Structure formats: structure tokens, C-alpha cells
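Raw structure.cif, mmCIF, N, CA, C and O atoms and all ligand atoms:
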```cif
data_data
loop_
_atom_site.label_atom_id
_atom_site.label_comp_id
_atom_site.auth_asym_id
_atom_site.auth_seq_id
_atom_site.Cartn_x
_atom_site.Cartn_y
_atom_site.Cartn_z
N MET T 262 -0.38 62.23 47.27
CA MET T 262 -1.61 61.49 47.40
C MET T 262 -2.16 61.11 46.03
O MET T 262 -2.38 59.96 45.75
N THR T 263 -2.37 62.08 45.17
CA THR T 263 -2.88 61.74 43.84
C THR T 263 -1.73 61.29 42.93
O THR T 263 -0.58 61.68 43.14
N THR T 264 -2.05 60.50 41.98
CA THR T 264 -1.05 60.06 41.01
C THR T 264 -1.37 60.60 39.61
O THR T 264 -0.85 60.10 38.62
N VAL T 265 -2.23 61.62 39.56
CA VAL T 265 -2.55 62.26 38.29
C VAL T 265 -1.28 62.92 37.76
O VAL T 265 -0.60 63.63 38.48
N THR T 266 -0.96 62.64 36.51
CA THR T 266 0.24 63.24 35.92
C THR T 266 -0.09 64.39 34.98
O THR T 266 0.61 65.39 34.95
N HIS T 267 -1.15 64.25 34.19
CA HIS T 267 -1.52 65.29 33.24
C HIS T 267 -2.86 64.96 32.61
O HIS T 267 -3.44 63.90 32.87
N LEU T 268 -3.36 65.86 31.80
CA LEU T 268 -4.56 65.64 31.00
C LEU T 268 -4.13 65.47 29.56
O LEU T 268 -3.15 66.06 29.13
N GLU T 269 -4.88 64.65 28.83
CA GLU T 269 -4.50 64.37 27.45
C GLU T 269 -5.74 64.35 26.57
O GLU T 269 -6.74 63.72 26.91
N CYS T 270 -5.67 65.03 25.45
CA CYS T 270 -6.79 65.06 24.50
C CYS T 270 -7.00 63.65 23.94
O CYS T 270 -6.04 62.99 23.52
N SER T 271 -8.26 63.24 23.93
CA SER T 271 -8.57 61.89 23.44
C SER T 271 -8.52 61.80 21.92
O SER T 271 -8.53 60.70 21.37
N VAL T 272 -8.44 62.93 21.24
CA VAL T 272 -8.40 62.93 19.77
C VAL T 272 -6.98 63.16 19.25
O VAL T 272 -6.45 62.36 18.49
N CYS T 273 -6.33 64.26 19.69
CA CYS T 273 -5.02 64.61 19.12
C CYS T 273 -3.85 64.33 20.07
O CYS T 273 -2.70 64.54 19.71
N ALA T 274 -4.16 63.88 21.29
CA ALA T 274 -3.15 63.51 22.30
C ALA T 274 -2.33 64.68 22.83
O ALA T 274 -1.30 64.47 23.47
N LYS T 275 -2.79 65.91 22.59
CA LYS T 275 -2.08 67.07 23.15
C LYS T 275 -2.17 67.02 24.67
O LYS T 275 -3.23 66.76 25.23
N ARG T 276 -1.05 67.28 25.34
CA ARG T 276 -0.99 67.20 26.80
C ARG T 276 -1.26 68.56 27.42
O ARG T 276 -0.89 69.59 26.86
N ARG T 277 -1.89 68.50 28.61
CA ARG T 277 -2.15 69.73 29.37
C ARG T 277 -1.83 69.46 30.83
O ARG T 277 -1.90 68.33 31.30
N GLU T 278 -1.54 70.55 31.53
CA GLU T 278 -1.20 70.45 32.94
C GLU T 278 -2.45 70.10 33.77
O GLU T 278 -3.52 70.68 33.55
N ALA T 279 -2.32 69.19 34.70
CA ALA T 279 -3.40 68.87 35.63
C ALA T 279 -3.49 69.95 36.69
O ALA T 279 -2.53 70.69 36.91
N GLY T 280 -4.64 70.07 37.33
CA GLY T 280 -4.80 71.03 38.41
C GLY T 280 -5.21 72.41 37.93
O GLY T 280 -5.30 73.34 38.71
N ILE T 281 -5.43 72.55 36.64
CA ILE T 281 -5.88 73.81 36.04
C ILE T 281 -7.18 73.52 35.31
O ILE T 281 -7.32 72.45 34.70
N ILE T 282 -8.12 74.45 35.37
CA ILE T 282 -9.40 74.24 34.71
C ILE T 282 -9.22 74.34 33.20
O ILE T 282 -8.64 75.30 32.70
N HIS T 283 -9.68 73.32 32.50
CA HIS T 283 -9.64 73.28 31.04
C HIS T 283 -11.03 72.96 30.52
O HIS T 283 -11.84 72.38 31.23
N ASN T 284 -11.28 73.30 29.30
CA ASN T 284 -12.49 72.87 28.62
C ASN T 284 -12.07 71.81 27.61
O ASN T 284 -11.02 71.20 27.75
N LEU T 285 -12.86 71.64 26.57
CA LEU T 285 -12.46 70.71 25.52
C LEU T 285 -11.17 71.21 24.87
O LEU T 285 -10.85 72.40 24.90
N CYS T 286 -10.45 70.32 24.25
CA CYS T 286 -9.27 70.69 23.47
C CYS T 286 -9.74 71.56 22.29
O CYS T 286 -10.88 71.48 21.86
N GLU T 287 -8.85 72.37 21.78
CA GLU T 287 -9.23 73.20 20.63
C GLU T 287 -9.62 72.37 19.41
O GLU T 287 -10.32 72.85 18.52
N CYS T 288 -9.25 71.10 19.36
CA CYS T 288 -9.68 70.22 18.25
C CYS T 288 -11.08 69.66 18.52
O CYS T 288 -11.65 69.00 17.67
N GLY T 289 -11.63 69.93 19.72
CA GLY T 289 -12.97 69.46 20.06
C GLY T 289 -12.98 68.19 20.88
O GLY T 289 -14.04 67.74 21.33
N GLY T 290 -11.83 67.59 21.08
CA GLY T 290 -11.76 66.34 21.83
C GLY T 290 -11.86 66.55 23.33
O GLY T 290 -11.33 67.53 23.85
N PRO T 291 -12.54 65.65 24.03
CA PRO T 291 -12.56 65.72 25.48
C PRO T 291 -11.20 65.32 26.06
O PRO T 291 -10.44 64.58 25.43
N LEU T 292 -10.91 65.85 27.25
CA LEU T 292 -9.62 65.57 27.87
C LEU T 292 -9.74 64.37 28.81
O LEU T 292 -10.71 64.23 29.54
N LEU T 293 -8.76 63.53 28.77
CA LEU T 293 -8.69 62.36 29.64
C LEU T 293 -7.66 62.60 30.73
O LEU T 293 -6.63 63.22 30.48
N VAL T 294 -7.94 62.10 31.91
CA VAL T 294 -6.98 62.21 33.01
C VAL T 294 -6.01 61.04 32.90
O VAL T 294 -6.41 59.89 32.74
N ARG T 295 -4.73 61.36 32.98
CA ARG T 295 -3.71 60.31 32.91
C ARG T 295 -3.02 60.18 34.27
O ARG T 295 -2.82 61.17 34.97
N TYR T 296 -2.69 58.96 34.64
CA TYR T 296 -2.13 58.66 35.95
C TYR T 296 -0.79 57.95 35.82
O TYR T 296 -0.52 57.29 34.82
N ASP T 297 -0.01 58.06 36.88
CA ASP T 297 1.18 57.22 37.02
C ASP T 297 0.67 55.93 37.67
O ASP T 297 0.57 55.83 38.89
N LEU T 298 0.30 54.96 36.84
CA LEU T 298 -0.36 53.76 37.35
C LEU T 298 0.57 52.88 38.18
O LEU T 298 0.11 52.20 39.10
N ALA T 299 1.85 52.90 37.87
CA ALA T 299 2.80 52.12 38.69
C ALA T 299 2.83 52.68 40.11
O ALA T 299 2.79 51.94 41.10
N LYS T 300 2.85 54.01 40.22
CA LYS T 300 2.84 54.66 41.54
C LYS T 300 1.49 54.41 42.23
O LYS T 300 1.44 54.16 43.44
N ALA T 301 0.39 54.48 41.49
CA ALA T 301 -0.94 54.24 42.06
C ALA T 301 -1.05 52.83 42.61
O ALA T 301 -1.66 52.62 43.66
N ARG T 302 -0.47 51.89 41.91
CA ARG T 302 -0.52 50.50 42.35
C ARG T 302 0.18 50.35 43.71
O ARG T 302 -0.35 49.72 44.62
N VAL T 303 1.32 50.96 43.86
CA VAL T 303 2.07 50.89 45.11
C VAL T 303 1.34 51.67 46.21
O VAL T 303 1.14 51.18 47.31
N THR T 304 0.90 52.87 45.90
CA THR T 304 0.23 53.73 46.88
C THR T 304 -1.04 53.09 47.41
O THR T 304 -1.31 53.13 48.60
N SER T 305 -1.84 52.50 46.54
CA SER T 305 -3.12 51.94 46.99
C SER T 305 -2.92 50.72 47.88
O SER T 305 -3.77 50.40 48.68
N HIS T 306 -1.79 50.06 47.75
CA HIS T 306 -1.51 48.91 48.62
C HIS T 306 -0.87 49.33 49.93
O HIS T 306 -0.98 48.62 50.92
N GLN T 307 -0.21 50.48 49.95
CA GLN T 307 0.52 50.89 51.15
C GLN T 307 -0.40 51.35 52.27
O GLN T 307 -0.27 50.93 53.40
N ALA T 308 -1.28 52.24 51.97
CA ALA T 308 -2.12 52.80 53.04
C ALA T 308 -3.46 53.24 52.48
O ALA T 308 -3.53 53.80 51.40
N ARG T 309 -4.47 52.96 53.23
CA ARG T 309 -5.79 53.45 52.85
C ARG T 309 -5.94 54.85 53.39
O ARG T 309 -5.60 55.13 54.53
N THR T 310 -6.45 55.71 52.55
CA THR T 310 -6.65 57.10 52.96
C THR T 310 -8.13 57.30 53.23
O THR T 310 -8.91 56.37 53.19
N ALA T 311 -8.50 58.53 53.48
CA ALA T 311 -9.91 58.84 53.68
C ALA T 311 -10.71 58.55 52.42
O ALA T 311 -11.92 58.40 52.45
N CYS T 312 -10.04 58.45 51.27
CA CYS T 312 -10.70 58.13 50.01
C CYS T 312 -10.73 56.62 49.79
O CYS T 312 -11.19 56.16 48.75
N GLY T 313 -10.23 55.85 50.72
CA GLY T 313 -10.20 54.41 50.55
C GLY T 313 -9.12 54.02 49.57
O GLY T 313 -8.18 54.76 49.31
N ALA T 314 -9.26 52.84 49.01
CA ALA T 314 -8.25 52.31 48.10
C ALA T 314 -8.16 53.09 46.80
O ALA T 314 -7.19 52.95 46.07
N TYR T 315 -9.14 53.92 46.50
CA TYR T 315 -9.16 54.65 45.24
C TYR T 315 -8.51 56.03 45.34
O TYR T 315 -8.46 56.76 44.37
N GLY T 316 -8.03 56.39 46.52
CA GLY T 316 -7.44 57.70 46.72
C GLY T 316 -6.32 58.02 45.75
O GLY T 316 -6.14 59.15 45.35
N ALA T 317 -5.58 57.00 45.37
CA ALA T 317 -4.44 57.23 44.47
C ALA T 317 -4.87 57.63 43.07
O ALA T 317 -4.09 58.22 42.33
N VAL T 318 -6.09 57.32 42.69
CA VAL T 318 -6.55 57.67 41.34
C VAL T 318 -7.66 58.72 41.38
O VAL T 318 -8.40 58.86 40.43
N LEU T 319 -7.73 59.45 42.47
CA LEU T 319 -8.62 60.60 42.53
C LEU T 319 -7.76 61.86 42.47
O LEU T 319 -6.63 61.86 42.93
N PRO T 320 -8.30 62.93 41.91
CA PRO T 320 -7.49 64.15 41.76
C PRO T 320 -7.45 64.99 43.03
O PRO T 320 -7.65 66.20 43.00
N VAL T 321 -7.20 64.38 44.16
CA VAL T 321 -7.15 65.08 45.45
C VAL T 321 -5.69 65.34 45.80
O VAL T 321 -4.91 64.39 45.91
N GLN T 322 -5.34 66.61 45.99
CA GLN T 322 -3.96 66.97 46.32
C GLN T 322 -3.68 66.84 47.80
O GLN T 322 -2.55 66.58 48.21
N SER T 323 -4.70 67.05 48.65
CA SER T 323 -4.50 67.02 50.10
C SER T 323 -5.72 66.40 50.76
O SER T 323 -6.86 66.69 50.37
N GLU T 324 -5.50 65.57 51.78
CA GLU T 324 -6.64 64.95 52.49
C GLU T 324 -7.51 66.00 53.15
O GLU T 324 -8.69 65.76 53.41
N ALA T 325 -6.97 67.19 53.44
CA ALA T 325 -7.76 68.26 54.05
C ALA T 325 -8.88 68.74 53.12
O ALA T 325 -9.84 69.34 53.57
N ASN T 326 -8.75 68.45 51.83
CA ASN T 326 -9.76 68.89 50.86
C ASN T 326 -10.86 67.87 50.62
O ASN T 326 -11.76 68.10 49.83
N ILE T 327 -10.82 66.74 51.32
CA ILE T 327 -11.81 65.69 51.11
C ILE T 327 -13.09 66.03 51.87
O ILE T 327 -13.05 66.37 53.04
N VAL T 328 -14.20 65.95 51.19
CA VAL T 328 -15.51 66.21 51.79
C VAL T 328 -16.24 64.88 51.87
O VAL T 328 -16.28 64.13 50.91
N SER T 329 -16.81 64.59 53.03
CA SER T 329 -17.58 63.36 53.20
C SER T 329 -18.98 63.71 53.65
O SER T 329 -19.18 64.59 54.49
N LEU T 330 -19.94 63.04 53.08
CA LEU T 330 -21.33 63.20 53.49
C LEU T 330 -21.79 61.97 54.27
O LEU T 330 -22.97 61.69 54.37
N GLY T 331 -20.82 61.24 54.82
CA GLY T 331 -21.16 60.06 55.61
C GLY T 331 -21.54 58.87 54.75
O GLY T 331 -22.37 58.05 55.13
N GLU T 332 -20.92 58.79 53.58
CA GLU T 332 -21.24 57.70 52.66
C GLU T 332 -20.94 56.34 53.29
O GLU T 332 -20.12 56.23 54.19
N GLY T 333 -21.55 55.35 52.75
CA GLY T 333 -21.32 53.99 53.23
C GLY T 333 -22.30 53.63 54.33
O GLY T 333 -22.88 54.49 54.98
N MET T 334 -22.48 52.35 54.52
CA MET T 334 -23.37 51.83 55.56
C MET T 334 -24.76 52.46 55.46
O MET T 334 -25.38 52.84 56.46
N THR T 335 -25.26 52.57 54.26
CA THR T 335 -26.59 53.13 54.05
C THR T 335 -27.63 52.24 54.71
O THR T 335 -27.70 51.04 54.42
N PRO T 336 -28.43 52.79 55.60
CA PRO T 336 -29.41 51.95 56.29
C PRO T 336 -30.58 51.58 55.39
O PRO T 336 -30.90 52.28 54.43
N LEU T 337 -31.22 50.46 55.71
CA LEU T 337 -32.46 50.08 55.05
C LEU T 337 -33.59 50.65 55.88
O LEU T 337 -33.63 50.48 57.10
N ILE T 338 -34.48 51.35 55.26
CA ILE T 338 -35.57 52.01 55.98
C ILE T 338 -36.89 51.44 55.50
O ILE T 338 -37.15 51.38 54.29
N ARG T 339 -37.70 51.00 56.44
CA ARG T 339 -39.03 50.49 56.09
C ARG T 339 -39.90 51.63 55.58
O ARG T 339 -39.88 52.73 56.12
N THR T 340 -40.66 51.33 54.56
CA THR T 340 -41.58 52.30 54.00
C THR T 340 -42.95 51.64 53.94
O THR T 340 -43.36 51.12 52.89
N PRO T 341 -43.68 51.63 55.06
CA PRO T 341 -44.94 50.89 55.13
C PRO T 341 -45.97 51.32 54.09
O PRO T 341 -46.63 50.47 53.48
N ARG T 342 -46.11 52.61 53.88
CA ARG T 342 -47.12 53.06 52.89
C ARG T 342 -46.75 52.58 51.49
O ARG T 342 -47.61 52.09 50.74
N LEU T 343 -45.49 52.69 51.13
CA LEU T 343 -45.05 52.22 49.81
C LEU T 343 -45.20 50.71 49.72
O LEU T 343 -45.63 50.17 48.70
N GLY T 344 -44.89 50.01 50.84
CA GLY T 344 -45.02 48.56 50.87
C GLY T 344 -46.46 48.10 50.64
O GLY T 344 -46.70 47.11 49.95
N LYS T 345 -47.41 48.83 51.21
CA LYS T 345 -48.83 48.47 51.02
C LYS T 345 -49.25 48.64 49.57
O LYS T 345 -50.02 47.86 49.03
N ARG T 346 -48.72 49.68 48.94
CA ARG T 346 -49.08 49.95 47.54
C ARG T 346 -48.43 48.96 46.58
O ARG T 346 -49.05 48.55 45.60
N SER T 347 -47.19 48.59 46.84
CA SER T 347 -46.47 47.75 45.88
C SER T 347 -46.61 46.25 46.17
O SER T 347 -46.38 45.44 45.30
N GLY T 348 -46.98 45.91 47.39
CA GLY T 348 -47.08 44.51 47.74
C GLY T 348 -45.72 43.96 48.08
O GLY T 348 -44.70 44.64 47.98
N PRO T 349 -45.65 42.68 48.48
CA PRO T 349 -44.37 42.12 48.87
C PRO T 349 -43.45 41.96 47.68
O PRO T 349 -43.88 41.64 46.57
N LEU T 350 -42.17 42.23 47.91
CA LEU T 350 -41.16 42.04 46.88
C LEU T 350 -40.57 40.64 47.03
O LEU T 350 -40.27 40.21 48.12
N ILE T 351 -40.45 39.98 45.94
CA ILE T 351 -39.86 38.64 45.96
C ILE T 351 -38.52 38.74 45.26
O ILE T 351 -38.45 39.05 44.08
N CYS T 352 -37.48 38.49 46.02
CA CYS T 352 -36.11 38.57 45.47
C CYS T 352 -35.54 37.17 45.33
O CYS T 352 -35.80 36.31 46.13
N GLY T 353 -34.69 37.03 44.36
CA GLY T 353 -33.95 35.78 44.20
C GLY T 353 -34.69 34.90 43.35
O GLY T 353 -34.95 33.97 42.91
ZN ZN B 401 -7.15 67.69 20.72
#
```

Encoded form using C-alpha cells:
Amino acid sequence: MTTVTHLECSVCAKRREAGIIHNLCECGGPLLVRYDLAKARVTSHQARTACGAYGAVLPVQSEANIVSLGEGMTPLIRTPRLGKRSGPLICG
């Protein structure tokens, strides 16, 4: 599912294994996540997962570990008291 290959220091380029908790590199550089982008390109076109088209570039090893809070389709909710205080909004 994930195409993460390893972590790499942004300063000295030292490589570290993904899937293990790391802090900053001993040189002080933050670690960057590196991906197999060719594989991600193919994977994201083949099938949409519970993570959507971005699943291939998320560090999720198994779909069973995905947590959803019902994101998406956020409703618009009228707020009459706030509307009275702020007045009409003019968009565009
Ligand atoms: Zn480093």
C-alpha cells in the first residue's frame, strides 16, 4: 500500500529505515520521507483506497490501520446569532 522506501536526513543525506521512530539526525537535520515515486504513480492510478488517491504516498502499511472521522462532505451550518452580529457576507 505505501510506497515509502526510507527516511533521509535533509542535511547529510544519511538514510534510515522507515517504520521506526526517529528523531532528528545526529547532525541536527530533520528527516525527509522518501518514496518510490514510480510505484506510487502506478498504484495511485490502479485503485483508490480508503485513503483516496494519496494512499500510495501515506505511510500506511495496512488499510486496517486507517482511522476516519467522517471527513469530507462538510455541511454548511447556519449560524443566525453570528450572522446578526457580522451582517451579510458578500462573496465574489
Ligand atoms: Zn544528518

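Near ligand ZN 401 (chain B), at distances of 8 Å or less and with only C-alpha atoms and all ligand atoms counted, sit the residues T:Glu269, T:Cys270, T:Ser271, T:Val272, T:Cys273, T:Ala274, T:Lys275, T:Leu285, T:Cys286, T:Glu287, T:Cys288, T:Gly289, T:Gly290, T:Pro291, T:Leu292.
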
Interatomic distance, atom C of Val318 of chain T to atom N of Leu337 of chain T (Å, one decimal): 28.8 Å

Test item: axis-aligned box, all listed atoms of segment 325-335 of chain T, 5 Å on each side, centre and edges in Å rounded to one decimal, as AutoDock Vina command-line options:
```
--center_x -17.3 --center_y 60.2 --center_z 53.1 --size_x 30.7 --size_y 28.3 --size_z 16.6
```

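Distance-wise, atom CA of Leu293 of chain T and atom CA of Glu278 of chain T end up 11.5 Å apart.
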
Members of segment 263-327 of chain T assigned strand (DSSP E or B) by DSSP, as a PyMOL selection string: chain T and resi 265-270+276-277+292-296+310+313

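Interatomic distance, atom C of Ser323 of chain T to atom O of His267 of chain T: 18.2 Å.
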
DSSP-assigned helix (DSSP H, G or I) members of chain T, reported as a PyMOL selection string: chain T and resi 298-307+316-318+324-326+341-347

Store the residues picked out above, limited to N, CA, C and O atoms, as a PDB file, in the coordinates of the input.
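Result file follows (result.pdb):
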```
ATOM      1  N   LEU T 298       0.300  54.960  36.840  1.00  0.00           N
ATOM      2  CA  LEU T 298      -0.360  53.760  37.350  1.00  0.00           C
ATOM      3  C   LEU T 298       0.570  52.880  38.180  1.00  0.00           C
ATOM      4  O   LEU T 298       0.110  52.200  39.100  1.00  0.00           O
ATOM      5  N   ALA T 299       1.850  52.900  37.870  1.00  0.00           N
ATOM      6  CA  ALA T 299       2.800  52.120  38.690  1.00  0.00           C
ATOM      7  C   ALA T 299       2.830  52.680  40.110  1.00  0.00           C
ATOM      8  O   ALA T 299       2.790  51.940  41.100  1.00  0.00           O
ATOM      9  N   LYS T 300       2.850  54.010  40.220  1.00  0.00           N
ATOM     10  CA  LYS T 300       2.840  54.660  41.540  1.00  0.00           C
ATOM     11  C   LYS T 300       1.490  54.410  42.230  1.00  0.00           C
ATOM     12  O   LYS T 300       1.440  54.160  43.440  1.00  0.00           O
ATOM     13  N   ALA T 301       0.390  54.480  41.490  1.00  0.00           N
ATOM     14  CA  ALA T 301      -0.940  54.240  42.060  1.00  0.00           C
ATOM     15  C   ALA T 301      -1.050  52.830  42.610  1.00  0.00           C
ATOM     16  O   ALA T 301      -1.660  52.620  43.660  1.00  0.00           O
ATOM     17  N   ARG T 302      -0.470  51.890  41.910  1.00  0.00           N
ATOM     18  CA  ARG T 302      -0.520  50.500  42.350  1.00  0.00           C
ATOM     19  C   ARG T 302       0.180  50.350  43.710  1.00  0.00           C
ATOM     20  O   ARG T 302      -0.350  49.720  44.620  1.00  0.00           O
ATOM     21  N   VAL T 303       1.320  50.960  43.860  1.00  0.00           N
ATOM     22  CA  VAL T 303       2.070  50.890  45.110  1.00  0.00           C
ATOM     23  C   VAL T 303       1.340  51.670  46.210  1.00  0.00           C
ATOM     24  O   VAL T 303       1.140  51.180  47.310  1.00  0.00           O
ATOM     25  N   THR T 304       0.900  52.870  45.900  1.00  0.00           N
ATOM     26  CA  THR T 304       0.230  53.730  46.880  1.00  0.00           C
ATOM     27  C   THR T 304      -1.040  53.090  47.410  1.00  0.00           C
ATOM     28  O   THR T 304      -1.310  53.130  48.600  1.00  0.00           O
ATOM     29  N   SER T 305      -1.840  52.500  46.540  1.00  0.00           N
ATOM     30  CA  SER T 305      -3.120  51.940  46.990  1.00  0.00           C
ATOM     31  C   SER T 305      -2.920  50.720  47.880  1.00  0.00           C
ATOM     32  O   SER T 305      -3.770  50.400  48.680  1.00  0.00           O
ATOM     33  N   HIS T 306      -1.790  50.060  47.750  1.00  0.00           N
ATOM     34  CA  HIS T 306      -1.510  48.910  48.620  1.00  0.00           C
ATOM     35  C   HIS T 306      -0.870  49.330  49.930  1.00  0.00           C
ATOM     36  O   HIS T 306      -0.980  48.620  50.920  1.00  0.00           O
ATOM     37  N   GLN T 307      -0.210  50.480  49.950  1.00  0.00           N
ATOM     38  CA  GLN T 307       0.520  50.890  51.150  1.00  0.00           C
ATOM     39  C   GLN T 307      -0.400  51.350  52.270  1.00  0.00           C
ATOM     40  O   GLN T 307      -0.270  50.930  53.400  1.00  0.00           O
ATOM     41  N   GLY T 316      -8.030  56.390  46.520  1.00  0.00           N
ATOM     42  CA  GLY T 316      -7.440  57.700  46.720  1.00  0.00           C
ATOM     43  C   GLY T 316      -6.320  58.020  45.750  1.00  0.00           C
ATOM     44  O   GLY T 316      -6.140  59.150  45.350  1.00  0.00           O
ATOM     45  N   ALA T 317      -5.580  57.000  45.370  1.00  0.00           N
ATOM     46  CA  ALA T 317      -4.440  57.230  44.470  1.00  0.00           C
ATOM     47  C   ALA T 317      -4.870  57.630  43.070  1.00  0.00           C
ATOM     48  O   ALA T 317      -4.090  58.220  42.330  1.00  0.00           O
ATOM     49  N   VAL T 318      -6.090  57.320  42.690  1.00  0.00           N
ATOM     50  CA  VAL T 318      -6.550  57.670  41.340  1.00  0.00           C
ATOM     51  C   VAL T 318      -7.660  58.720  41.380  1.00  0.00           C
ATOM     52  O   VAL T 318      -8.400  58.860  40.430  1.00  0.00           O
ATOM     53  N   GLU T 324      -5.500  65.570  51.780  1.00  0.00           N
ATOM     54  CA  GLU T 324      -6.640  64.950  52.490  1.00  0.00           C
ATOM     55  C   GLU T 324      -7.510  66.000  53.150  1.00  0.00           C
ATOM     56  O   GLU T 324      -8.690  65.760  53.410  1.00  0.00           O
ATOM     57  N   ALA T 325      -6.970  67.190  53.440  1.00  0.00           N
ATOM     58  CA  ALA T 325      -7.760  68.260  54.050  1.00  0.00           C
ATOM     59  C   ALA T 325      -8.880  68.740  53.120  1.00  0.00           C
ATOM     60  O   ALA T 325      -9.840  69.340  53.570  1.00  0.00           O
ATOM     61  N   ASN T 326      -8.750  68.450  51.830  1.00  0.00           N
ATOM     62  CA  ASN T 326      -9.760  68.890  50.860  1.00  0.00           C
ATOM     63  C   ASN T 326     -10.860  67.870  50.620  1.00  0.00           C
ATOM     64  O   ASN T 326     -11.760  68.100  49.830  1.00  0.00           O
ATOM     65  N   PRO T 341     -43.680  51.630  55.060  1.00  0.00           N
ATOM     66  CA  PRO T 341     -44.940  50.890  55.130  1.00  0.00           C
ATOM     67  C   PRO T 341     -45.970  51.320  54.090  1.00  0.00           C
ATOM     68  O   PRO T 341     -46.630  50.470  53.480  1.00  0.00           O
ATOM     69  N   ARG T 342     -46.110  52.610  53.880  1.00  0.00           N
ATOM     70  CA  ARG T 342     -47.120  53.060  52.890  1.00  0.00           C
ATOM     71  C   ARG T 342     -46.750  52.580  51.490  1.00  0.00           C
ATOM     72  O   ARG T 342     -47.610  52.090  50.740  1.00  0.00           O
ATOM     73  N   LEU T 343     -45.490  52.690  51.130  1.00  0.00           N
ATOM     74  CA  LEU T 343     -45.050  52.220  49.810  1.00  0.00           C
ATOM     75  C   LEU T 343     -45.200  50.710  49.720  1.00  0.00           C
ATOM     76  O   LEU T 343     -45.630  50.170  48.700  1.00  0.00           O
ATOM     77  N   GLY T 344     -44.890  50.010  50.840  1.00  0.00           N
ATOM     78  CA  GLY T 344     -45.020  48.560  50.870  1.00  0.00           C
ATOM     79  C   GLY T 344     -46.460  48.100  50.640  1.00  0.00           C
ATOM     80  O   GLY T 344     -46.700  47.110  49.950  1.00  0.00           O
ATOM     81  N   LYS T 345     -47.410  48.830  51.210  1.00  0.00           N
ATOM     82  CA  LYS T 345     -48.830  48.470  51.020  1.00  0.00           C
ATOM     83  C   LYS T 345     -49.250  48.640  49.570  1.00  0.00           C
ATOM     84  O   LYS T 345     -50.020  47.860  49.030  1.00  0.00           O
ATOM     85  N   ARG T 346     -48.720  49.680  48.940  1.00  0.00           N
ATOM     86  CA  ARG T 346     -49.080  49.950  47.540  1.00  0.00           C
ATOM     87  C   ARG T 346     -48.430  48.960  46.580  1.00  0.00           C
ATOM     88  O   ARG T 346     -49.050  48.550  45.600  1.00  0.00           O
ATOM     89  N   SER T 347     -47.190  48.590  46.840  1.00  0.00           N
ATOM     90  CA  SER T 347     -46.470  47.750  45.880  1.00  0.00           C
ATOM     91  C   SER T 347     -46.610  46.250  46.170  1.00  0.00           C
ATOM     92  O   SER T 347     -46.380  45.440  45.300  1.00  0.00           O
TER      93      SER T 347
END
```

8 Å contact set for Arg295 of chain T, only N, CA, C and O atoms, chain neighbours under 6 positions out, as a count of residues only: 8
